[in-house]
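All remarks here apply to the structure that follows.
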Amino acid sequence: MSGIAGIIRFDKQAIELADTANVINLLGHRGKVTSQLIEHGVLLNFGNSIEVNPTAPIYATADSDLFSSITTSHPFTTNYITSGPAGFNEPNADFAVALWDAQKQTLFCGRDALGVKPLYYVYQPSRFMAFASEIKALLALRDVVIKPNEHKFREYLTWIADYVPYSEETFYETIYSVLPGHYLEVTAQRKQTHAYWTINLSKYKDLNRPEDYSTLFKDYFKAAIDSRIEDKSRIGSHLSGGLDSSSVSCMAQAILTQQHRAPLHTFNIDTELPSADESEYVQAVIDQYPVQHHTVHPVADVLESVLKINTIFDRPEHFIIPSSFHLSVSLEAQQVSCDILLTGHDGDSIITTCFDLLDELFDAQDWENLLLACEQFIAPSDRNLRYVSDDWITLTDQAKFEKFILYFIGTRLKKQAKAQSLSTFFNTLRTQKKFFGISSTAILAYCFKRIKDKVAHRSLINNALSSDFKQRVPLRSQLSTKELTTTLEAELNQPIRQILNTTNVICNEQLNHIGAYYGHLYSFPFFDKNVMEIGLATPLGVGFDNGRGRGLIRNGLKDVLPPAIVSRLSKANFVEYGNLSAKQLYQSTYDQFSSPSHPIWEVIDRGTFTKIVDFVFNPKMPVVKKTRYNWLLSRIIYLSLWLGSLQNAQINLAKAGSAK
């Protein structure tokens with residue numbers, strides 16, 4: 001647990017003692033406070049000390065977890081003196097830092113590349129700058145007006161099946177978030193945002209064999225976990241039974257055993273639904289390692305957990321599965337006094353399946369190797385490609401091959417038709433037909449299905465925003481991580497947006513808030529700088545692993561993971577639980593937001609909302625097709641509860657003001 005905050009008055013007014021007291025009170029759960037007065041300002045640190053370099057003079061307050069062998073006790077001021085703000089790129093660390101250069105009268109606020117540590121701020125030119133690890137500390141300042149940011153609602157309530165860049169705007173007007181991989185440069189007159197994150201993969205150019213990558217991944221992954229737990233006394237880990245959480249849990253326990261330390265506490269969430277049952281794989285870990293295992297159940301009162309998140313996180317709930325799911329682990333971890341919780345988030349984006357190899361071979365027109373790769377991909381009996389065919393499991397091997405080839409080739413034909421001349425397109429098509437044995441009839445049938453699906457897709461609901469709201473709150477550009485990820489992707493020819501996006505970052509932020517509230521640190525070994533780099537540097541053919549995917553983990557940790565985990569290709573399906581929780585949430589909150597005067601109806605169209613509710617509760621619609629409707633309904637309710645809480649808070653503030 002740790003955090004930071006601070007206030008600088010550029011107008012040279014005295015800082016209100018009540019403001020400082022409120023900030024300290026609201027962030028007190030993050031640790032013992034240390035303060036440092038600076039010219040017309042104060043820096044606060046919760047749980048750690050403040051770096052002071054009196055000769056410069058430079059001061060830094062940091063919420064940081066350092067994972068590299070840094071010997072200096074003042075890493076941020078030292079890096080700044082040596083390299084300036086570019087020094088933020090040097091440490092392998094999760095951090096949020098505010099650094100005051102007294103000589104330049106400039107404040108630098110930086111944040112780690114993946115936004116593990118949150119940092120929010122409010123800035124009024126020529127007046128003041130305030131920053132904090134939690135928004136609630138800024139809302140308590142006398143110069144901050146509490147007003148919801150309706151432009152944020154559009155992003156929050158719109159279903160998009162793509163990676164959305166993380167933007168600096170929050171759910172409050174005038175309160176912003178420092179962008180991951182960026183730093184702010186703030187003076188009395190202006191505020192500028194700069195990207196600092198750079199990635200150098202040249203150090204991996206001498207790796208030649210597949211085992212070289214797997215071995216290095218294992219070394220980096222072990223070091224990532226070891227550095228996170230070395231000074232912790234009681235360690236916990238999420239254990240779902242999936243490849244990521246199992247890798248973290250098994251490696252952590254292997255390290256603890258080697259160091260003769262107390263065993264790991266593992267936590268598994270049991271929804272009691274067969275579709276989400278991973279107990280077989282959880283048991284495989286428990287049988288191999290002497291962990292202290294805890295099976296927990298989602299908090300029974302979904303409504304209470306969502307309202308709790310409103311308070312803890314200062315914004316609406318983020319997860320499609322409400323935090324009744326996540327809070328259950330934190331509550332149990334609090335009971336056994338864990339001071340850190342390791343998770344496998346988001347291993348999928350760091351150590352990818354490398355199934356992009358199929359696209360690479362297609363673009364190179366390497367039909368022979370593409371055919372082999374497709375055969376390897378569909379060969380495993382436990383791989384269920386339901387997105388290709390609803391009855392995939394029951395198909396013959398030949399039928400699976402034909403359907404997958406048509407699905408794969410058909411998707412690329414659409415792209416080719418737009419990017420190529422007709423003659424080139426048809427020449428390529430003839431080659432593909434001949435090599436893969438695709439008949440014209442089969443292609444026409446596939447095209448007909450695509451057209452049918454496209455027509456059906458037009459009836460899908462992407463949002464329930466009312467036309468009045470859309471007109472009143474038009475789309476506007478936001479400063480985001482998009483430019484940074486686009487630049488890095490162009491330099492590296494690697495997918496960065498799947499790592500740095502709003503879903504991942506907000507998940508980091510929410511878990512950080514939950515952990516701080518319940519007394520433990522959430523930590524993500526897959527977001528370690530070295531682990532991320534080896535994941536990006538690994539050739540697709542190595543990660544593809546003869547069709548299994550995620551070769552770095554399967555081969556690198558084959559002596560650490562149970563065989564059942566190494567060979568596992570399936571994933572648990574939480575759509576059914578998401579549907580049940582959405583229904584429960586709707587039924588328990590209907591009376592609270594059904595009133596015509598509730599502020600949610602200034603945002604949402606009632607008719608569209610009713611259609612979404614009908615989809616969620618429709619017993620004839622297969623539950624696997626309800627994901628977007630569960631998501632839309634849950635988010636509308638999350639926002640309605642947050643708006644209701646905000647409205648009540650403003651009413652209470654008004655009453656308190658009139659009483660004075």
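Chain identifiers are assigned as A, B, and so on, following the order in which chains appear in the structure tokens; residues are numbered from 1 within each chain, and ligands are numbered from 1 in order of appearance.
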
Task: Which of stretch 274-469 of chain A fall in alpha helix (DSSP H), as a PyMOL selection string - done: chain A and resi 279-288+302-313+324-335+347-350+357-363+367-378+397-419+422-436+440-457+467-469

Task: Residue contacts of A:Ala379 (10 Å, only C-alpha atoms) excluding same-chain residues fewer than 3 positions away, as a list in words - done: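 Once the adjacent positions are removed, what remains is Ala373, Cys374, Glu375, Gln376, Asp382, Arg383, Asp397, Lys400, Phe401, Asn546, Gly547 and Arg548 of chain A.
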
What does the file look like for those residues with N, CA and C atoms, as a PDB file, in the first residue's frame?
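Heads up, here's the output in again.pdb:
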ATOM      1  N   ALA A 373       0.249 -24.947 -40.958  1.00  0.00           N
ATOM      2  CA  ALA A 373      -0.082 -24.222 -39.730  1.00  0.00           C
ATOM      3  C   ALA A 373      -1.569 -24.323 -39.409  1.00  0.00           C
ATOM      4  N   CYS A 374      -2.426 -24.273 -40.425  1.00  0.00           N
ATOM      5  CA  CYS A 374      -3.870 -24.417 -40.204  1.00  0.00           C
ATOM      6  C   CYS A 374      -4.204 -25.804 -39.685  1.00  0.00           C
ATOM      7  N   GLU A 375      -3.559 -26.816 -40.257  1.00  0.00           N
ATOM      8  CA  GLU A 375      -3.784 -28.190 -39.792  1.00  0.00           C
ATOM      9  C   GLU A 375      -3.350 -28.345 -38.343  1.00  0.00           C
ATOM     10  N   GLN A 376      -2.215 -27.747 -37.973  1.00  0.00           N
ATOM     11  CA  GLN A 376      -1.742 -27.809 -36.587  1.00  0.00           C
ATOM     12  C   GLN A 376      -2.693 -27.064 -35.652  1.00  0.00           C
ATOM     13  N   ASP A 382      -9.402 -30.572 -27.928  1.00  0.00           N
ATOM     14  CA  ASP A 382     -10.085 -29.729 -26.949  1.00  0.00           C
ATOM     15  C   ASP A 382     -10.136 -28.259 -27.363  1.00  0.00           C
ATOM     16  N   ARG A 383      -9.789 -27.970 -28.615  1.00  0.00           N
ATOM     17  CA  ARG A 383      -9.926 -26.599 -29.110  1.00  0.00           C
ATOM     18  C   ARG A 383     -11.305 -26.438 -29.731  1.00  0.00           C
ATOM     19  N   ASP A 397     -13.059 -34.363 -38.616  1.00  0.00           N
ATOM     20  CA  ASP A 397     -11.802 -33.645 -38.828  1.00  0.00           C
ATOM     21  C   ASP A 397     -11.794 -32.939 -40.180  1.00  0.00           C
ATOM     22  N   LYS A 400     -14.053 -29.898 -40.056  1.00  0.00           N
ATOM     23  CA  LYS A 400     -13.400 -28.823 -39.303  1.00  0.00           C
ATOM     24  C   LYS A 400     -12.391 -28.090 -40.189  1.00  0.00           C
ATOM     25  N   PHE A 401     -11.603 -28.873 -40.934  1.00  0.00           N
ATOM     26  CA  PHE A 401     -10.598 -28.266 -41.799  1.00  0.00           C
ATOM     27  C   PHE A 401     -11.254 -27.366 -42.840  1.00  0.00           C
ATOM     28  N   ASN A 546       3.629 -24.972 -32.960  1.00  0.00           N
ATOM     29  CA  ASN A 546       2.939 -26.060 -33.673  1.00  0.00           C
ATOM     30  C   ASN A 546       1.429 -26.051 -33.447  1.00  0.00           C
ATOM     31  N   GLY A 547       0.871 -24.849 -33.326  1.00  0.00           N
ATOM     32  CA  GLY A 547      -0.578 -24.730 -33.227  1.00  0.00           C
ATOM     33  C   GLY A 547      -1.119 -24.618 -31.823  1.00  0.00           C
ATOM     34  N   ARG A 548      -0.286 -24.881 -30.816  1.00  0.00           N
ATOM     35  CA  ARG A 548      -0.776 -24.770 -29.439  1.00  0.00           C
ATOM     36  C   ARG A 548      -0.889 -23.317 -29.001  1.00  0.00           C
TER      37      ARG A 548
END

- [ ] Show which residues sit within 9 Å of A:Tyr166, as a list of chain:residue names. Count only C-alpha atoms, and ignore same-chain residues fewer than 6 positions away.
- [x]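 With the cut-off at 9 Å, the set is A:Leu179, A:Pro180, A:Leu479, A:Ser480, A:Thr481, A:Lys482, A:Leu500, A:Asn501, A:Thr502, A:Thr503, A:Asn504, A:Val505, A:Ile506.
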
Convert the current residue selection to file output with N, CA, C and O atoms, as an mmCIF file, in the first residue's frame.
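Here's the written file out.cif:
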data_model
loop_
_atom_site.group_PDB
_atom_site.id
_atom_site.type_symbol
_atom_site.label_atom_id
_atom_site.label_comp_id
_atom_site.auth_asym_id
_atom_site.auth_seq_id
_atom_site.Cartn_x
_atom_site.Cartn_y
_atom_site.Cartn_z
ATOM 1 N N LEU A 179 -1.365 10.083 -18.431
ATOM 2 C CA LEU A 179 -1.366 8.966 -19.372
ATOM 3 C C LEU A 179 -0.212 8.006 -19.084
ATOM 4 O O LEU A 179 0.916 8.449 -18.822
ATOM 5 N N PRO A 180 -0.445 6.706 -19.132
ATOM 6 C CA PRO A 180 0.651 5.742 -18.979
ATOM 7 C C PRO A 180 1.722 5.981 -20.042
ATOM 8 O O PRO A 180 1.416 6.306 -21.194
ATOM 9 N N LEU A 479 -7.105 13.631 -25.559
ATOM 10 C CA LEU A 479 -5.698 13.268 -25.514
ATOM 11 C C LEU A 479 -5.601 11.859 -24.943
ATOM 12 O O LEU A 479 -6.148 11.582 -23.869
ATOM 13 N N SER A 480 -4.927 10.978 -25.667
ATOM 14 C CA SER A 480 -4.925 9.567 -25.273
ATOM 15 C C SER A 480 -3.582 8.926 -25.595
ATOM 16 O O SER A 480 -2.645 9.573 -26.073
ATOM 17 N N THR A 481 -3.506 7.626 -25.370
ATOM 18 C CA THR A 481 -2.299 6.849 -25.652
ATOM 19 C C THR A 481 -2.204 6.428 -27.115
ATOM 20 O O THR A 481 -1.248 5.745 -27.491
ATOM 21 N N LYS A 482 -3.161 6.830 -27.933
ATOM 22 C CA LYS A 482 -3.200 6.368 -29.325
ATOM 23 C C LYS A 482 -1.941 6.734 -30.095
ATOM 24 O O LYS A 482 -1.361 5.905 -30.802
ATOM 25 N N LEU A 500 -1.382 -1.815 -24.157
ATOM 26 C CA LEU A 500 -1.718 -0.516 -23.579
ATOM 27 C C LEU A 500 -3.044 -0.041 -24.152
ATOM 28 O O LEU A 500 -3.108 0.478 -25.262
ATOM 29 N N ASN A 501 -4.118 -0.244 -23.404
ATOM 30 C CA ASN A 501 -5.452 0.180 -23.829
ATOM 31 C C ASN A 501 -6.290 0.459 -22.592
ATOM 32 O O ASN A 501 -5.896 0.127 -21.463
ATOM 33 N N THR A 502 -7.449 1.046 -22.799
ATOM 34 C CA THR A 502 -8.236 1.502 -21.648
ATOM 35 C C THR A 502 -8.711 0.359 -20.762
ATOM 36 O O THR A 502 -8.770 0.503 -19.540
ATOM 37 N N THR A 503 -9.019 -0.805 -21.348
ATOM 38 C CA THR A 503 -9.479 -1.927 -20.528
ATOM 39 C C THR A 503 -8.392 -2.387 -19.565
ATOM 40 O O THR A 503 -8.638 -2.576 -18.367
ATOM 41 N N ASN A 504 -7.173 -2.568 -20.079
ATOM 42 C CA ASN A 504 -6.083 -3.009 -19.214
ATOM 43 C C ASN A 504 -5.750 -1.988 -18.142
ATOM 44 O O ASN A 504 -5.571 -2.319 -16.969
ATOM 45 N N VAL A 505 -5.644 -0.723 -18.544
ATOM 46 C CA VAL A 505 -5.216 0.308 -17.593
ATOM 47 C C VAL A 505 -6.258 0.515 -16.495
ATOM 48 O O VAL A 505 -5.922 0.609 -15.314
ATOM 49 N N ILE A 506 -7.533 0.584 -16.880
ATOM 50 C CA ILE A 506 -8.567 0.806 -15.868
ATOM 51 C C ILE A 506 -8.680 -0.398 -14.943
ATOM 52 O O ILE A 506 -8.959 -0.261 -13.750
#

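Closest approach to A:Gly519 among A:Glu332, A:Glu155, A:Glu280, A:Glu211: A:Glu332, based on only C-alpha atoms.
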
TODO: Rank A:Lys403, A:Asp143, A:Glu169, A:His194 by their smallest atom-to-atom distance to A:Gly110, using only C-alpha atoms, and report the top residue only.
DONE: A:His194
